[in-house]
$ cat coords-v3.cif   # mmCIF, C-alpha atoms (C1' of nucleotides)
data_structure
loop_
_atom_site.label_atom_id
_atom_site.label_comp_id
_atom_site.auth_asym_id
_atom_site.auth_seq_id
_atom_site.Cartn_x
_atom_site.Cartn_y
_atom_site.Cartn_z
CA MET J 41 21.03 21.60 -0.89
CA ARG J 42 23.37 22.46 -3.73
CA GLU J 43 24.69 21.52 -7.12
CA HIS J 44 24.93 18.04 -8.46
CA ASP J 45 24.62 16.64 -11.92
CA HIS J 46 21.06 17.43 -12.81
CA ASN J 47 21.09 16.00 -16.29
CA ALA J 48 22.25 12.69 -14.97
CA CYS J 49 19.58 12.35 -12.33
CA VAL J 50 16.82 13.61 -14.60
CA GLU J 51 17.75 11.05 -17.22
CA ARG J 52 18.10 8.31 -14.67
CA VAL J 53 14.61 8.82 -13.28
CA ILE J 54 13.06 9.25 -16.70
CA SER J 55 14.54 6.07 -18.04
CA TYR J 56 13.53 4.26 -14.88
CA ALA J 57 9.98 5.43 -15.51
CA GLU J 58 10.21 4.28 -19.09
CA GLU J 59 11.34 0.82 -18.06
CA ARG J 60 8.59 0.52 -15.50
CA SER J 61 6.08 1.56 -18.13
CA LYS J 62 7.22 -1.16 -20.46
CA GLU J 63 7.10 -4.04 -18.06
CA SER J 64 3.90 -3.02 -16.37
CA SER J 65 0.58 -1.78 -17.52
CA PHE J 66 0.98 1.90 -16.92
CA ARG J 67 1.41 4.30 -19.78
CA PHE J 68 4.10 6.91 -19.72
CA THR J 69 2.43 9.34 -22.07
CA PRO J 70 3.89 12.60 -23.40
CA VAL J 71 2.05 14.82 -20.91
CA ARG J 72 3.05 12.67 -17.98
CA ARG J 73 6.59 12.48 -19.20
CA ARG J 74 6.87 16.19 -19.74
CA VAL J 75 5.39 17.01 -16.34
CA LEU J 76 7.87 14.71 -14.66
CA GLU J 77 10.75 16.16 -16.67
CA ILE J 78 9.82 19.70 -15.71
CA LEU J 79 9.64 18.83 -12.04
CA LEU J 80 12.93 16.97 -12.20
CA GLU J 81 14.64 19.82 -13.96
CA GLU J 82 13.35 22.43 -11.55
CA HIS J 83 14.32 20.41 -8.53
CA ARG J 84 11.91 22.41 -6.48
CA ALA J 85 8.21 22.44 -5.79
CA LEU J 86 5.91 23.80 -8.48
CA GLY J 87 2.22 24.48 -8.24
CA ALA J 88 -0.16 22.83 -10.67
CA TYR J 89 -0.75 26.18 -12.35
CA ASP J 90 2.96 26.83 -12.69
CA LEU J 91 3.21 23.56 -14.52
CA LEU J 92 0.30 24.53 -16.70
CA LYS J 93 2.06 27.75 -17.67
CA ARG J 94 5.14 25.78 -18.62
CA LEU J 95 3.17 23.31 -20.68
CA GLU J 96 1.32 26.09 -22.41
CA ALA J 97 4.57 27.92 -23.19
CA GLU J 98 5.73 24.74 -24.87
CA GLY J 99 2.64 24.58 -27.00
CA MET J 100 0.92 21.78 -25.15
CA LYS J 101 -2.70 21.84 -24.14
CA ALA J 102 -3.01 23.19 -20.66
CA GLN J 103 -6.30 23.13 -18.82
CA PRO J 104 -6.20 22.35 -15.11
CA PRO J 105 -7.32 18.73 -15.39
CA ILE J 106 -4.36 18.02 -17.66
CA ALA J 107 -1.92 18.90 -14.93
CA TYR J 108 -3.89 17.41 -12.08
CA ARG J 109 -4.36 14.12 -13.86
CA ALA J 110 -0.71 13.82 -14.72
CA LEU J 111 0.25 14.70 -11.17
CA GLU J 112 -2.22 12.24 -9.72
CA PHE J 113 -0.79 9.52 -11.89
CA LEU J 114 2.80 10.36 -11.08
CA GLU J 115 2.05 10.56 -7.39
CA LYS J 116 0.27 7.24 -7.40
CA HIS J 117 3.30 5.62 -8.95
CA GLY J 118 5.75 7.29 -6.62
CA PHE J 119 7.37 9.70 -9.07
CA VAL J 120 6.19 12.87 -7.44
CA HIS J 121 5.16 13.94 -3.99
CA LYS J 122 2.73 16.62 -3.02
CA LEU J 123 3.82 19.17 -0.46
CA GLU J 124 0.63 19.89 1.41
CA ARG J 125 1.91 22.96 3.10
CA LEU J 126 2.65 24.58 -0.25
CA ASN J 127 -0.02 23.09 -2.47
CA ALA J 128 2.83 22.20 -4.73
CA PHE J 129 4.47 19.18 -6.26
CA VAL J 130 8.02 17.96 -6.38
CA ALA J 131 9.69 15.14 -8.27
CA CYS J 132 10.98 12.22 -6.28
CA MET J 133 14.67 11.61 -6.80
CA HIS J 134 14.60 7.93 -5.99
CA PRO J 135 11.27 6.48 -7.05
CA GLU J 136 12.74 3.01 -6.96
CA ASP J 137 12.62 2.98 -3.17
CA ASP J 138 9.28 2.44 -1.57
CA HIS J 139 9.82 5.03 1.09
CA GLU J 140 8.20 7.12 3.73
CA ALA J 141 9.50 10.53 2.91
CA ALA J 142 10.05 13.71 4.85
CA PHE J 143 10.61 17.03 3.19
CA VAL J 144 12.67 20.04 4.04
CA VAL J 145 11.21 22.95 2.15
CA CYS J 146 12.38 26.52 1.70
CA ARG J 147 9.57 28.92 2.36
CA GLU J 148 11.00 31.43 -0.11
CA CYS J 149 12.29 29.61 -3.19
CA HIS J 150 10.53 26.29 -2.66
CA ALA J 151 13.74 24.33 -2.92
CA VAL J 152 13.13 20.88 -1.53
CA ALA J 153 15.32 18.29 0.09
CA GLU J 154 13.79 14.88 0.50
CA THR J 155 15.03 12.94 3.49
CA GLN J 156 14.19 9.71 5.15
CA GLY J 157 11.00 9.93 7.12
CA PRO J 158 11.75 9.78 10.81
CA SER J 159 11.90 6.25 12.06
CA GLU J 160 9.69 7.36 14.90
CA ILE J 161 6.92 7.15 12.41
CA SER J 162 6.64 3.55 13.43
CA LYS J 163 6.08 4.70 17.01
CA LEU J 164 3.33 6.95 15.83
CA GLN J 165 1.82 4.05 13.99
CA ASP J 166 1.98 1.90 17.08
CA SER J 167 0.28 4.45 19.27
CA ALA J 168 -2.28 5.08 16.57
CA ALA J 169 -2.94 1.35 16.35
CA GLU J 170 -3.50 1.25 20.10
CA ILE J 171 -6.50 3.51 19.76
CA GLY J 172 -7.81 1.51 16.81
CA PHE J 173 -6.68 3.98 14.20
CA SER J 174 -5.41 2.50 10.97
CA VAL J 175 -2.59 4.53 9.48
CA GLU J 176 -2.45 5.05 5.75
CA ASN J 177 0.06 7.83 5.22
CA VAL J 178 2.41 9.97 7.20
CA PHE J 179 3.28 13.45 6.07
CA VAL J 180 6.29 15.26 7.43
CA GLU J 181 7.23 18.69 6.20
CA VAL J 182 9.89 20.93 7.65
CA GLN J 183 9.54 24.57 6.77
CA GLY J 184 12.29 27.15 6.94
CA LEU J 185 14.83 29.01 4.87
CA CYS J 186 17.51 27.48 2.69
CA PRO J 187 21.06 28.87 2.71
CA ASP J 188 20.39 30.93 -0.42
CA CYS J 189 17.30 32.58 1.01
CA ALA J 190 18.46 33.02 4.59
CA PRO J 191 19.07 36.66 5.44
CA LYS J 192 22.70 37.31 4.57
CA THR J 193 24.68 38.12 7.66
CA MET D 104 -10.23 8.77 20.33
CA ARG D 105 -13.42 8.64 22.34
CA GLU D 106 -15.66 10.30 24.84
CA HIS D 107 -14.53 12.58 27.55
CA ASP D 108 -16.09 15.58 29.19
CA HIS D 109 -16.33 18.06 26.37
CA ASN D 110 -17.93 20.84 28.34
CA ALA D 111 -15.14 20.75 30.85
CA CYS D 112 -12.34 20.99 28.35
CA VAL D 113 -14.10 23.60 26.26
CA GLU D 114 -14.59 25.78 29.29
CA ARG D 115 -11.09 25.20 30.51
CA VAL D 116 -9.52 26.37 27.27
CA ILE D 117 -11.87 29.29 26.88
CA SER D 118 -11.21 30.59 30.33
CA TYR D 119 -7.50 30.12 29.81
CA ALA D 120 -7.79 32.26 26.69
CA GLU D 121 -9.72 34.86 28.63
CA GLU D 122 -7.06 35.04 31.29
CA ARG D 123 -4.31 35.36 28.75
CA SER D 124 -6.24 38.13 27.05
CA LYS D 125 -6.46 40.09 30.30
CA GLU D 126 -2.86 39.95 31.26
CA SER D 127 -1.47 40.53 27.82
CA SER D 128 -2.25 42.83 24.99
CA PHE D 129 -4.30 40.56 22.82
CA ARG D 130 -8.03 40.95 22.53
CA PHE D 131 -10.31 37.98 22.79
CA THR D 132 -13.16 39.43 20.77
CA PRO D 133 -16.57 37.85 20.17
CA VAL D 134 -15.71 36.51 16.70
CA ARG D 135 -12.45 35.01 17.91
CA ARG D 136 -14.12 33.55 20.94
CA ARG D 137 -16.96 32.03 18.99
CA VAL D 138 -14.62 30.52 16.41
CA LEU D 139 -12.55 28.92 19.12
CA GLU D 140 -15.67 27.64 20.88
CA ILE D 141 -17.00 26.07 17.73
CA LEU D 142 -13.72 24.30 17.05
CA LEU D 143 -13.48 23.13 20.64
CA GLU D 144 -17.04 21.82 20.61
CA GLU D 145 -16.59 19.98 17.35
CA HIS D 146 -13.36 18.40 18.43
CA ARG D 147 -12.52 17.79 14.81
CA ALA D 148 -11.11 19.72 11.93
CA LEU D 149 -13.35 22.23 10.19
CA GLY D 150 -12.68 24.17 7.02
CA ALA D 151 -12.80 27.95 7.05
CA TYR D 152 -15.99 27.86 5.03
CA ASP D 153 -17.61 25.38 7.41
CA LEU D 154 -16.90 27.83 10.18
CA LEU D 155 -18.37 30.63 8.11
CA LYS D 156 -21.56 28.66 7.65
CA ARG D 157 -21.77 28.14 11.40
CA LEU D 158 -21.20 31.80 12.11
CA GLU D 159 -23.76 32.81 9.55
CA ALA D 160 -26.31 30.38 10.98
CA GLU D 161 -25.81 32.09 14.31
CA GLY D 162 -26.49 35.47 12.82
CA MET D 163 -22.94 36.72 12.77
CA LYS D 164 -21.33 38.40 9.82
CA ALA D 165 -19.56 35.84 7.73
CA GLN D 166 -17.37 36.81 4.84
CA PRO D 167 -14.18 34.83 4.32
CA PRO D 168 -11.79 37.35 5.87
CA ILE D 169 -13.77 37.16 9.11
CA ALA D 170 -12.93 33.51 9.51
CA TYR D 171 -9.41 33.69 8.19
CA ARG D 172 -8.52 36.58 10.44
CA ALA D 173 -9.87 34.89 13.51
CA LEU D 174 -8.08 31.68 12.61
CA GLU D 175 -4.84 33.46 11.93
CA PHE D 176 -5.05 35.12 15.30
CA LEU D 177 -5.90 31.93 17.13
CA GLU D 178 -3.16 30.04 15.36
CA LYS D 179 -0.59 32.68 16.15
CA HIS D 180 -1.46 32.42 19.81
CA GLY D 181 -1.44 28.64 19.86
CA PHE D 182 -5.18 28.03 20.24
CA VAL D 183 -5.72 26.36 16.92
CA HIS D 184 -3.63 24.39 14.48
CA LYS D 185 -4.02 24.15 10.76
CA LEU D 186 -4.05 20.73 9.19
CA GLU D 187 -2.36 21.30 5.89
CA ARG D 188 -3.40 18.05 4.38
CA LEU D 189 -7.05 18.90 4.92
CA ASN D 190 -7.06 22.67 4.58
CA ALA D 191 -8.84 22.63 7.88
CA PHE D 192 -8.43 23.87 11.40
CA VAL D 193 -8.65 22.22 14.76
CA ALA D 194 -8.64 23.59 18.29
CA CYS D 195 -5.68 22.85 20.45
CA MET D 196 -6.58 21.04 23.64
CA HIS D 197 -3.61 22.24 25.64
CA PRO D 198 -2.64 25.70 24.46
CA GLU D 199 -0.71 26.26 27.67
CA ASP D 200 2.10 24.05 26.44
CA ASP D 201 4.42 25.46 23.88
CA HIS D 202 4.60 22.32 21.85
CA GLU D 203 5.61 20.79 18.60
CA ALA D 204 2.51 18.90 17.66
CA ALA D 205 1.76 15.92 15.50
CA PHE D 206 -1.72 15.07 14.34
CA VAL D 207 -3.54 11.84 13.70
CA VAL D 208 -6.42 12.64 11.41
CA CYS D 209 -9.31 10.55 10.16
CA ARG D 210 -9.68 10.87 6.44
CA GLU D 211 -13.44 10.34 6.68
CA CYS D 212 -14.82 12.22 9.66
CA HIS D 213 -11.87 14.54 10.29
CA ALA D 214 -11.62 13.53 13.91
CA VAL D 215 -8.24 14.61 15.19
CA ALA D 216 -5.94 13.37 17.90
CA GLU D 217 -3.09 15.64 18.79
CA THR D 218 0.03 13.92 20.00
CA GLN D 219 3.51 14.91 20.91
CA GLY D 220 5.59 15.66 17.89
CA PRO D 221 8.17 12.95 17.37
CA SER D 222 11.34 13.69 19.28
CA GLU D 223 13.17 12.86 16.08
CA ILE D 224 12.17 16.27 14.99
CA SER D 225 15.31 17.44 16.68
CA LYS D 226 17.28 15.05 14.48
CA LEU D 227 15.65 16.53 11.44
CA GLN D 228 16.60 19.95 12.67
CA ASP D 229 20.17 18.87 13.17
CA SER D 230 20.52 17.46 9.70
CA ALA D 231 18.78 20.51 8.27
CA ALA D 232 21.18 22.74 10.14
CA GLU D 233 24.09 20.81 8.66
CA ILE D 234 23.14 21.92 5.18
CA GLY D 235 22.63 25.47 6.35
CA PHE D 236 18.87 25.28 6.45
CA SER D 237 17.18 27.14 9.26
CA VAL D 238 14.11 25.34 10.52
CA GLU D 239 11.05 27.34 11.43
CA ASN D 240 8.25 24.81 11.71
CA VAL D 241 7.73 21.11 11.52
CA PHE D 242 4.46 19.64 10.35
CA VAL D 243 3.56 16.05 11.02
CA GLU D 244 0.23 14.64 9.96
CA VAL D 245 -0.80 11.02 10.05
CA GLN D 246 -3.69 10.15 7.80
CA GLY D 247 -5.89 7.10 8.13
CA LEU D 248 -9.19 5.88 9.45
CA CYS D 249 -10.47 6.22 12.98
CA PRO D 250 -12.21 3.28 14.69
CA ASP D 251 -15.65 4.69 13.87
CA CYS D 252 -14.91 5.06 10.18
CA ALA D 253 -12.88 1.91 9.66
CA PRO D 254 -14.75 -0.70 7.63
CA LYS D 255 -16.59 -2.84 10.15
CA THR D 256 -15.26 -6.38 10.10
"C1'" DA T 90 -7.67 -5.47 -40.84
"C1'" DG T 91 -11.70 -4.42 -37.91
"C1'" DC T 92 -14.08 -4.50 -33.36
"C1'" DT T 93 -14.19 -3.63 -28.52
"C1'" DG T 94 -13.33 -2.14 -23.90
"C1'" DA T 95 -10.38 0.49 -21.20
"C1'" DT T 96 -7.52 4.31 -20.65
"C1'" DC T 97 -6.16 8.76 -21.68
"C1'" DT T 98 -6.89 13.45 -23.43
"C1'" DG T 99 -9.52 17.87 -24.53
"C1'" DT T 100 -12.82 21.12 -23.04
"C1'" DT T 101 -16.19 23.72 -20.45
"C1'" DA T 102 -17.77 24.93 -16.43
"C1'" DT T 103 -17.75 25.29 -11.60
"C1'" DA T 104 -16.46 24.45 -6.76
"C1'" DA T 105 -13.51 25.17 -2.86
"C1'" DT T 106 -10.03 27.70 -0.66
"C1'" DG T 107 -7.66 31.93 0.34
"C1'" DT T 108 -6.27 37.09 -0.28
"C1'" DT T 109 -6.25 42.21 -1.24
"C1'" DA T 110 -7.84 46.51 -0.51
"C1'" DC T 111 -10.24 49.97 1.61
"C1'" DG T 112 -13.21 52.28 4.76
"C1'" DC T 113 -15.34 52.39 9.29
"C1'" DT T 114 -15.50 51.79 14.35
"C1'" DC T 115 -13.96 51.23 18.78
"C1'" DG T 116 -10.87 51.45 22.72
"C1'" DC T 117 -7.23 53.67 24.62
"C1'" DA T 118 -3.11 56.90 25.37
"C1'" DC T 119 -2.22 61.47 25.33
"C1'" DG M 127 -11.41 65.70 22.75
"C1'" DT M 128 -7.84 64.15 19.36
"C1'" DG M 129 -5.11 60.83 17.29
"C1'" DC M 130 -3.68 56.19 16.57
"C1'" DG M 131 -3.66 51.35 16.16
"C1'" DA M 132 -6.19 47.13 16.26
"C1'" DG M 133 -10.10 44.94 14.72
"C1'" DC M 134 -14.27 44.46 11.90
"C1'" DG M 135 -17.37 44.83 7.50
"C1'" DT M 136 -17.56 44.45 2.72
"C1'" DA M 137 -16.65 43.81 -2.17
"C1'" DA M 138 -13.88 42.13 -5.32
"C1'" DC M 139 -10.57 39.01 -6.76
"C1'" DA M 140 -6.87 35.29 -6.90
"C1'" DT M 141 -5.54 30.61 -6.48
"C1'" DT M 142 -6.22 25.79 -6.19
"C1'" DA M 143 -8.96 21.82 -7.44
"C1'" DT M 144 -12.84 19.00 -9.38
"C1'" DA M 145 -17.01 17.47 -12.16
"C1'" DA M 146 -18.88 16.03 -16.22
"C1'" DC M 147 -18.78 14.60 -20.71
"C1'" DA M 148 -17.13 14.04 -25.47
"C1'" DG M 149 -13.57 12.47 -28.46
"C1'" DA M 150 -9.09 10.12 -29.32
"C1'" DT M 151 -5.95 6.37 -28.73
"C1'" DC M 152 -4.27 1.96 -27.52
"C1'" DA M 153 -4.06 -3.16 -26.46
"C1'" DG M 154 -6.00 -7.35 -27.21
"C1'" DC M 155 -8.93 -10.20 -29.75
"C1'" DT M 156 -10.75 -12.47 -33.82
#
$ encode --input "coords-v3.cif" --output "structure tokens"
Amino acid sequence: MREHDHNACVERVISYAEERSKESSFRFTPVRRRVLEILLEEHRALGAYDLLKRLEAEGMKAQPPIAYRALEFLEKHGFVHKLERLNAFVACMHPEDDHEAAFVVCRECHAVAETQGPSEISKLQDSAAEIGFSVENVFVEVQGLCPDCAPKT
Amino acid sequence: MREHDHNACVERVISYAEERSKESSFRFTPVRRRVLEILLEEHRALGAYDLLKRLEAEGMKAQPPIAYRALEFLEKHGFVHKLERLNAFVACMHPEDDHEAAFVVCRECHAVAETQGPSEISKLQDSAAEIGFSVENVFVEVQGLCPDCAPKT
DNA sequence: AGCTGATCTGTTATAATGTTACGCTCGCAC
DNA sequence: GTGCGAGCGTAACATTATAACAGATCAGCT
């Protein structure tokens, strides 16, 4: 859950997004870029209104739809994930993989570790298919306390 | 995902709750009881405000805290679960088991099937423990379309 | 360059979801 | 009865999310 070279991974993801935007039809506009940068830098989950405060502090326009639209876009393209339990958003650290994700989230500081979704998801899908249910998405969120927030012993 | 004897299972859970309330210190008050009944009868996820509308229609007092308090109580005692993805609540069909649950939820009609939480949850807990993270809860929600809502072929 | 259609942004307003705070009542232990 | 804690009633408010529409910008075309 701890230190690694943030700058490197932020830049890596951003330039990956830039490449993707060139070769495909999606537009990596300033708002979208800035929202992704903020989430990457924070490396934890932020609410839409937290993002708005940040954007506003930086002199950007900041009504709710601004944030929600950017987030919707970024989520659709796999750059951010929404944590349902927290109503908050977190940047994906490896958007190049098309992955089923699972999240380990600190209840206190909202630090997030993204892990591989359990392989048993496929079992769930099988049993869902048996009852005629077509699976679209699987959400797995583990809630608890990270080392920093755990009560010091 | 289909028909079974609703009355029977509603009554079963309600009387189980009543028993529990006698032998322990919790109080199964009219509001709490009615909220649980409604959720059991519906057999699908309802939002807090949907519940409030129902309560109001039945002549009960119905400000938000009424519903949220009842739901909080019922959740704490294992009678209802919250579906984070939907901001909605669903009655538990087997509150006697102390279980990790996983939910299969129809995006359209909010029908819910509760299944056993994947056993891989324990793996998640192990790997979380390795990084010093203490797990409190695991949420698994599968989103898709139930047979009734799937586009007819 | 100028037009055009599609996409994105800016803005206002509003909806949906959830919480705080405070006072009253009721059941129960003493 | 008195006191206390749990639960309810109520008003106000906080947070999260969306609708609707106008204006700006961009890519492709001629």
$ resolve_selection --input "coords-v3.cif" --expression "the PyMOL selection byres ((chain T and resi 91) around 12)" --output "list of chain:residue names"
T:DA90, T:DC92, T:DT93, M:DC155, M:DT156
$ resolve_selection --input "coords-v3.cif" --expression "the PyMOL selection byres ((chain D) within 8 of (chain M))" --output "list in words"
Lys164, Gln166 and Ile169 of chain D
$ interface_residues --input "coords-v3.cif" --of "chain T" --to "chain J" --cutoff "9 Å" --atoms "all atoms listed in the file" --output "ChimeraX atom specification"
/T:96-100
$ closest_residue --input "coords-v3.cif" --among "J:Tyr108, J:Phe173, J:Phe68, J:Phe113" --to "chain D" --atoms "all atoms listed in the file"
J:Phe173
$ resolve_selection --input "coords-v3.cif" --expression "the PyMOL selection byres ((chain D and resi 186-193) around 6)" --output "JSON, numbers by chain"
{"J": [124, 125], "D": [142, 147, 148, 149, 150, 183, 184, 185, 194]}
$ closest_atom_pairs --input "coords-v3.cif" --of "chain J" --to "chain D" --cutoff "7 Å" --atoms "only C-alpha atoms" --output "CSV"
residue,atom,partner,partner_atom,distance
J:Met41,CA,D:Ile234,CA,6.4
J:Glu124,CA,D:Arg188,CA,5.3
J:Arg125,CA,D:Glu187,CA,5.4
J:Pro158,CA,D:Glu223,CA,6.3
J:Glu160,CA,D:Pro221,CA,6.3
J:Ile171,CA,D:Met104,CA,6.5
J:Gly172,CA,D:Pro250,CA,5.2
J:Phe173,CA,D:Cys249,CA,4.6
J:Ser174,CA,D:Leu248,CA,5.3
J:Val175,CA,D:Gly247,CA,4.4
J:Glu176,CA,D:Gly247,CA,4.7
J:Asn177,CA,D:Gln246,CA,5.1
J:Val178,CA,D:Val245,CA,4.4
J:Phe179,CA,D:Glu244,CA,5.1
J:Val180,CA,D:Val243,CA,4.6
J:Glu181,CA,D:Phe242,CA,5.1
J:Val182,CA,D:Val241,CA,4.4
J:Gln183,CA,D:Asn240,CA,5.1
J:Gly184,CA,D:Val238,CA,4.4
J:Leu185,CA,D:Ser237,CA,5.3
J:Cys186,CA,D:Phe236,CA,4.6
J:Pro187,CA,D:Gly235,CA,5.2
$ atom_distance --input "coords-v3.cif" --atom1 "atom CA of J:Cys132" --atom2 "atom CA of J:Glu98"
23.0 Å
$ atom_distance --input "coords-v3.cif" --atom1 "atom CA of D:Val116" --atom2 "atom CA of D:Glu159"
23.6 Å
$ atom_distance --input "coords-v3.cif" --atom1 "atom CA of D:Tyr152" --atom2 "atom C1' of T:DT106"
8.2 Å
$ residues_around --input "coords-v3.cif" --residues "J:Glu136" --least-positions-apart "5" --cutoff "12 Å" --atoms "all atoms listed in the file" --output "ChimeraX atom specification"
/J:52-57,59-60,117-120
